[in-house]
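Engineer: Next comes target_25.cif, mmCIF, C-alpha atoms and all ligand atoms:
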```cif
data_model
loop_
_atom_site.label_atom_id
_atom_site.label_comp_id
_atom_site.auth_asym_id
_atom_site.auth_seq_id
_atom_site.Cartn_x
_atom_site.Cartn_y
_atom_site.Cartn_z
CA MET A 1 3.66 -14.92 1.14
CA ALA A 2 5.77 -13.19 -1.45
CA SER A 3 9.42 -12.31 -1.01
CA LYS A 4 10.60 -8.71 -1.32
CA LEU A 5 12.29 -9.66 -4.59
CA GLU A 6 9.01 -10.98 -6.05
CA VAL A 7 7.29 -7.73 -5.11
CA GLU A 8 10.13 -5.68 -6.62
CA ASN A 9 9.82 -7.71 -9.82
CA PHE A 10 6.04 -7.14 -9.96
CA ILE A 11 6.62 -3.41 -9.62
CA LYS A 12 9.45 -3.40 -12.15
CA ASP A 13 7.26 -5.26 -14.66
CA ILE A 14 4.53 -2.61 -14.64
CA LYS A 15 4.21 -1.14 -18.12
CA PRO A 16 2.97 2.32 -19.20
CA GLU A 17 0.03 0.75 -21.04
CA ASP A 18 -1.14 -1.23 -18.00
CA LYS A 19 -4.57 -0.37 -16.63
CA ILE A 20 -4.21 -0.34 -12.88
CA ASN A 21 -6.50 0.12 -9.90
CA LEU A 22 -5.06 1.40 -6.64
CA ILE A 23 -7.19 0.21 -3.72
CA PHE A 24 -6.17 1.48 -0.30
CA HIS A 25 -7.36 2.06 3.26
CA ASN A 26 -9.16 5.38 3.68
CA ASP A 27 -6.92 6.61 6.48
CA LEU A 28 -3.75 8.67 6.14
CA ASP A 29 -1.44 5.64 6.08
CA GLY A 30 -3.54 4.18 3.26
CA PHE A 31 -3.77 7.45 1.32
CA ALA A 32 -0.04 8.06 1.72
CA SER A 33 0.63 4.54 0.40
CA GLY A 34 -1.75 5.13 -2.51
CA ILE A 35 -0.26 8.52 -3.39
CA LEU A 36 3.28 7.13 -3.35
CA PHE A 37 2.18 4.43 -5.79
CA TYR A 38 0.23 6.92 -7.90
CA ASP A 39 3.33 9.10 -8.27
CA TYR A 40 5.43 6.06 -9.14
CA LEU A 41 2.95 4.89 -11.81
CA LYS A 42 2.67 8.39 -13.31
CA ASP A 43 6.46 8.60 -13.51
CA LYS A 44 6.39 5.27 -15.33
CA GLY A 45 4.00 6.75 -17.88
CA CYS A 46 0.85 4.91 -16.76
CA LYS A 47 -2.22 6.82 -17.87
CA ASP A 48 -5.12 4.66 -16.76
CA ILE A 49 -5.07 4.53 -12.97
CA GLY A 50 -8.25 3.93 -10.95
CA ILE A 51 -8.24 5.22 -7.37
CA TYR A 52 -10.33 3.50 -4.69
CA PRO A 53 -10.07 4.50 -1.02
CA PHE A 54 -11.67 1.68 0.96
CA VAL A 55 -13.07 1.08 4.43
CA ILE A 56 -11.94 -1.98 6.37
CA ILE A 57 -15.16 -3.99 6.66
CA ASN A 58 -15.39 -7.77 6.54
CA GLY A 59 -15.35 -8.94 2.95
CA ASN A 60 -16.27 -5.60 1.40
CA LEU A 61 -13.59 -5.79 -1.24
CA LYS A 62 -16.07 -7.78 -3.32
CA ASP A 63 -17.94 -4.50 -3.81
CA ILE A 64 -15.22 -3.45 -6.17
CA LYS A 65 -16.29 -6.10 -8.70
CA GLU A 66 -17.97 -3.54 -10.94
CA ASN A 67 -14.69 -1.75 -11.28
CA LEU A 68 -12.64 -4.82 -12.03
CA ARG A 69 -13.49 -4.96 -15.72
CA ASP A 70 -10.73 -4.33 -18.17
CA ARG A 71 -7.98 -4.04 -15.58
CA ASP A 72 -4.50 -5.49 -15.90
CA LYS A 73 -3.32 -5.04 -12.36
CA LEU A 74 -4.72 -4.35 -8.91
CA ILE A 75 -2.58 -2.94 -6.12
CA ILE A 76 -4.18 -3.29 -2.68
CA LEU A 77 -2.57 -1.29 0.13
CA ASP A 78 -3.02 -1.10 3.91
CA LEU A 79 -6.28 -3.06 3.97
CA ALA A 80 -6.52 -5.73 6.67
CA LYS A 81 -7.00 -9.29 5.47
CA ASN A 82 -10.65 -9.44 6.55
CA THR A 83 -11.47 -6.72 4.00
CA ILE A 84 -10.76 -9.14 1.21
CA HIS A 85 -13.77 -11.26 0.36
CA PRO A 86 -13.18 -15.01 0.79
CA LYS A 87 -14.34 -15.56 -2.77
CA ILE A 88 -11.99 -12.96 -4.24
CA THR A 89 -10.55 -15.61 -6.57
CA GLU A 90 -13.96 -15.99 -8.24
CA LEU A 91 -14.34 -12.23 -8.54
CA LEU A 92 -11.01 -11.70 -10.23
CA GLN A 93 -10.96 -11.72 -14.01
CA GLY A 94 -7.35 -12.44 -14.73
CA GLU A 95 -5.88 -9.32 -13.14
CA GLU A 96 -2.50 -9.57 -11.49
CA VAL A 97 -2.86 -8.58 -7.85
CA LEU A 98 -0.26 -7.14 -5.50
CA TYR A 99 -1.38 -6.88 -1.88
CA ILE A 100 0.80 -5.02 0.64
CA ASP A 101 -0.29 -4.83 4.27
CA HIS A 102 1.03 -4.56 7.81
CA HIS A 103 -2.01 -5.53 9.90
CA LYS A 104 -1.41 -8.50 12.15
CA THR A 105 -3.34 -11.61 11.29
CA ASP A 106 -3.42 -15.18 12.64
CA SER A 107 -2.84 -16.48 9.14
CA PRO A 108 -1.89 -14.70 5.93
CA LEU A 109 -4.28 -14.66 2.99
CA GLU A 110 -2.24 -17.27 1.10
CA ASN A 111 -4.25 -16.92 -2.11
CA LYS A 112 -2.35 -18.22 -5.11
CA ASN A 113 -3.82 -15.49 -7.31
CA ILE A 114 -2.55 -12.70 -5.09
CA LEU A 115 1.03 -11.64 -4.51
CA GLU A 116 0.88 -10.94 -0.79
CA TYR A 117 3.56 -8.98 1.03
CA ARG A 118 3.00 -8.46 4.72
CA ILE A 119 5.40 -7.18 7.37
CA THR A 120 4.24 -7.94 10.92
CA GLU A 121 7.39 -8.98 12.78
CA ARG A 122 8.08 -5.29 13.42
CA TYR A 123 5.55 -2.47 13.38
CA THR A 124 5.89 -0.93 9.94
CA PRO A 125 2.97 1.17 8.67
CA CYS A 126 2.14 0.53 5.01
CA SER A 127 3.36 3.93 3.81
CA ARG A 128 6.83 3.11 5.13
CA ILE A 129 6.80 -0.33 3.47
CA VAL A 130 5.76 1.24 0.17
CA TYR A 131 8.32 4.05 0.44
CA GLU A 132 11.08 1.52 1.03
CA LEU A 133 9.99 -0.36 -2.07
CA ILE A 134 9.48 2.48 -4.54
CA ASP A 135 10.90 5.65 -2.98
CA GLY A 136 9.14 8.97 -3.63
CA LYS A 137 7.85 11.53 -1.16
CA GLU A 138 9.65 10.78 2.09
CA TRP A 139 7.66 13.42 3.97
CA LEU A 140 4.41 11.71 3.00
CA SER A 141 5.69 8.34 4.14
CA VAL A 142 6.78 9.84 7.47
CA ALA A 143 3.37 11.52 7.89
CA GLY A 144 1.58 8.22 7.13
CA THR A 145 3.85 6.35 9.53
CA ILE A 146 3.24 8.81 12.38
CA SER A 147 -0.51 8.91 11.71
CA ASP A 148 -0.62 5.13 12.14
CA TYR A 149 1.11 5.43 15.56
CA GLY A 150 4.46 4.40 14.10
CA ASP A 151 6.23 6.89 16.38
CA ARG A 152 5.25 4.77 19.38
CA TYR A 153 7.47 1.93 18.16
CA PRO A 154 11.28 2.14 18.50
CA GLU A 155 11.75 0.44 15.12
CA ASN A 156 10.49 3.62 13.42
CA LYS A 157 12.56 6.04 15.51
CA GLU A 158 15.48 6.32 13.10
CA PHE A 159 13.16 6.55 10.09
CA ILE A 160 11.13 9.42 11.58
CA GLU A 161 13.87 11.30 13.43
CA GLY A 162 16.34 10.90 10.59
CA PHE A 163 13.89 12.74 8.36
CA LEU A 164 13.03 15.40 10.93
CA LYS A 165 16.70 16.15 11.57
CA ARG A 166 17.27 16.74 7.86
CA ILE A 167 14.51 19.29 7.46
CA THR A 168 14.48 22.71 9.02
CA ILE A 169 11.79 23.24 11.58
CA HIS A 170 11.08 26.91 12.09
CA GLN A 171 10.26 27.89 15.61
CA ILE A 172 7.44 30.35 15.98
CA ASN A 173 7.57 32.60 19.00
CA ILE A 174 4.18 33.67 20.20
MN MN A 201 -1.88 1.25 8.21
#
```
Kindly return the structure encoded in the file as structure tokens.

Structural biologist:
Amino acid sequence: MASKLEVENFIKDIKPEDKINLIFHNDLDGFASGILFYDYLKDKGCKDIGIYPFVIINGNLKDIKENLRDRDKLIILDLAKNTIHPKITELLQGEEVLYIDHHKTDSPLENKNILEYRITERYTPCSRIVYELIDGKEWLSVAGTISDYGDRYPENKEFIEGFLKRITIHQINI
């Protein structure tokens, strides 16, 4: 498992000329995580960004092999460990891989070719983890967090309510 500092360094080292694929869960938490990263990469000047919403199905990440050619970096977001094919190491072609997830698992992936960052000791949807790493659209992170039932966990209370208190909510009288 990677430390937060290692993940920050991976992100910092991304260069405008890097060819990057964003691979994320096809629910709102995943999309929010992907969009936050997309914005970040665009701001960095990255021009070649592949976008792949993915379903969590055992081992189906191998299906992305066709799209792995000529990539420098892969960023995998909000996909449970079982999505990643056991032979992912053989499928990779030298890409650097960052994998951020929050799904609980008995054992982490622990693949030496993949920089894995997983928060499970408190319930933190992926879009909150990503926002706290790279900043960006807070509203999108809050939406992703709520959509993944983050509002049911006290550890997200301050994050969600802090945002809601800062924006104006207009009451509509019907
Ligand atoms: Mn999620």

Engineer: Which of these, A:Leu36, A:Ile88, A:Ala2, A:Ile100, has the shortest distance to ligand MN 201 (chain A) once you count only C-alpha atoms and all ligand atoms?

Structural biologist: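 Residue with the minimum atom-to-atom distance to ligand MN 201 (chain A): A:Ile100.
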
Engineer: With 9 Å as the cut-off and only C-alpha atoms and all ligand atoms counted, what is the closest atom pair between each nearby residue of chain A and ligand MN 201 (chain A)? Distances in Å to one decimal, ordered by chain and number, as CSV.

Structural biologist:
```
residue,atom,partner,partner_atom,distance
A:His25,CA,A:MN201,MN,7.4
A:Asp27,CA,A:MN201,MN,7.6
A:Leu28,CA,A:MN201,MN,7.9
A:Asp29,CA,A:MN201,MN,4.9
A:Gly30,CA,A:MN201,MN,6.0
A:Ser33,CA,A:MN201,MN,8.8
A:Leu77,CA,A:MN201,MN,8.5
A:Asp78,CA,A:MN201,MN,5.0
A:Leu79,CA,A:MN201,MN,7.5
A:Ala80,CA,A:MN201,MN,8.5
A:Asp101,CA,A:MN201,MN,7.4
A:His102,CA,A:MN201,MN,6.5
A:His103,CA,A:MN201,MN,7.0
A:Thr124,CA,A:MN201,MN,8.3
A:Pro125,CA,A:MN201,MN,4.9
A:Cys126,CA,A:MN201,MN,5.2
A:Ser127,CA,A:MN201,MN,7.3
A:Gly144,CA,A:MN201,MN,7.9
A:Thr145,CA,A:MN201,MN,7.8
A:Ser147,CA,A:MN201,MN,8.5
A:Asp148,CA,A:MN201,MN,5.7
A:Tyr149,CA,A:MN201,MN,9.0
```

Engineer: Identify, on the basis of all atoms listed in the file, every residue whose closest approach to A:Ile160 does not exceed 9 Å; exclude the query and any residue fewer than 4 positions from it along the same chain; express the result as a ChimeraX atom specification.

Structural biologist: /A:142-143,145-146,150-151,156,164-165

Engineer: Please write the residues from the selection above to a file, keeping C-alpha atoms, as a short mmCIF file (atom, residue, chain, number, x, y, z; two decimals), in the coordinates of the input.

Structural biologist:
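The resulting file, again-v1.cif, is reproduced below:
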```cif
data_model
loop_
_atom_site.label_atom_id
_atom_site.label_comp_id
_atom_site.auth_asym_id
_atom_site.auth_seq_id
_atom_site.Cartn_x
_atom_site.Cartn_y
_atom_site.Cartn_z
CA VAL A 142 6.78 9.84 7.47
CA ALA A 143 3.37 11.52 7.89
CA THR A 145 3.85 6.35 9.53
CA ILE A 146 3.24 8.81 12.38
CA GLY A 150 4.46 4.40 14.10
CA ASP A 151 6.23 6.89 16.38
CA ASN A 156 10.49 3.62 13.42
CA LEU A 164 13.03 15.40 10.93
CA LYS A 165 16.70 16.15 11.57
#
```

Engineer: Do a neighbour search on A:Pro108 at 9 Å with only C-alpha atoms, toss out local chain neighbours closer than 5 positions, and write the hits as a list in words.

Structural biologist: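 Answer for this query is Met1, Lys81, Glu116 and Arg118 of chain A.
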
Engineer: Suppose you want the space between atom CA of A:Gly45 and atom CA of A:Ala32; what is it in Å?

Structural biologist: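 Atom-to-atom, atom CA of A:Gly45 to atom CA of A:Ala32, that is 20.1 Å.
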
Engineer: Which distance in Å separates atom CA of A:Asn9 and atom CA of A:Tyr52, to one decimal?

Structural biologist: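 Separating atom CA of A:Asn9 from atom CA of A:Tyr52 is a distance of 23.6 Å.
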
Engineer: What does the distance from atom CA of A:Pro154 to atom CA of A:Arg128 come to in Å, to one decimal?

Structural biologist: 14.1 Å
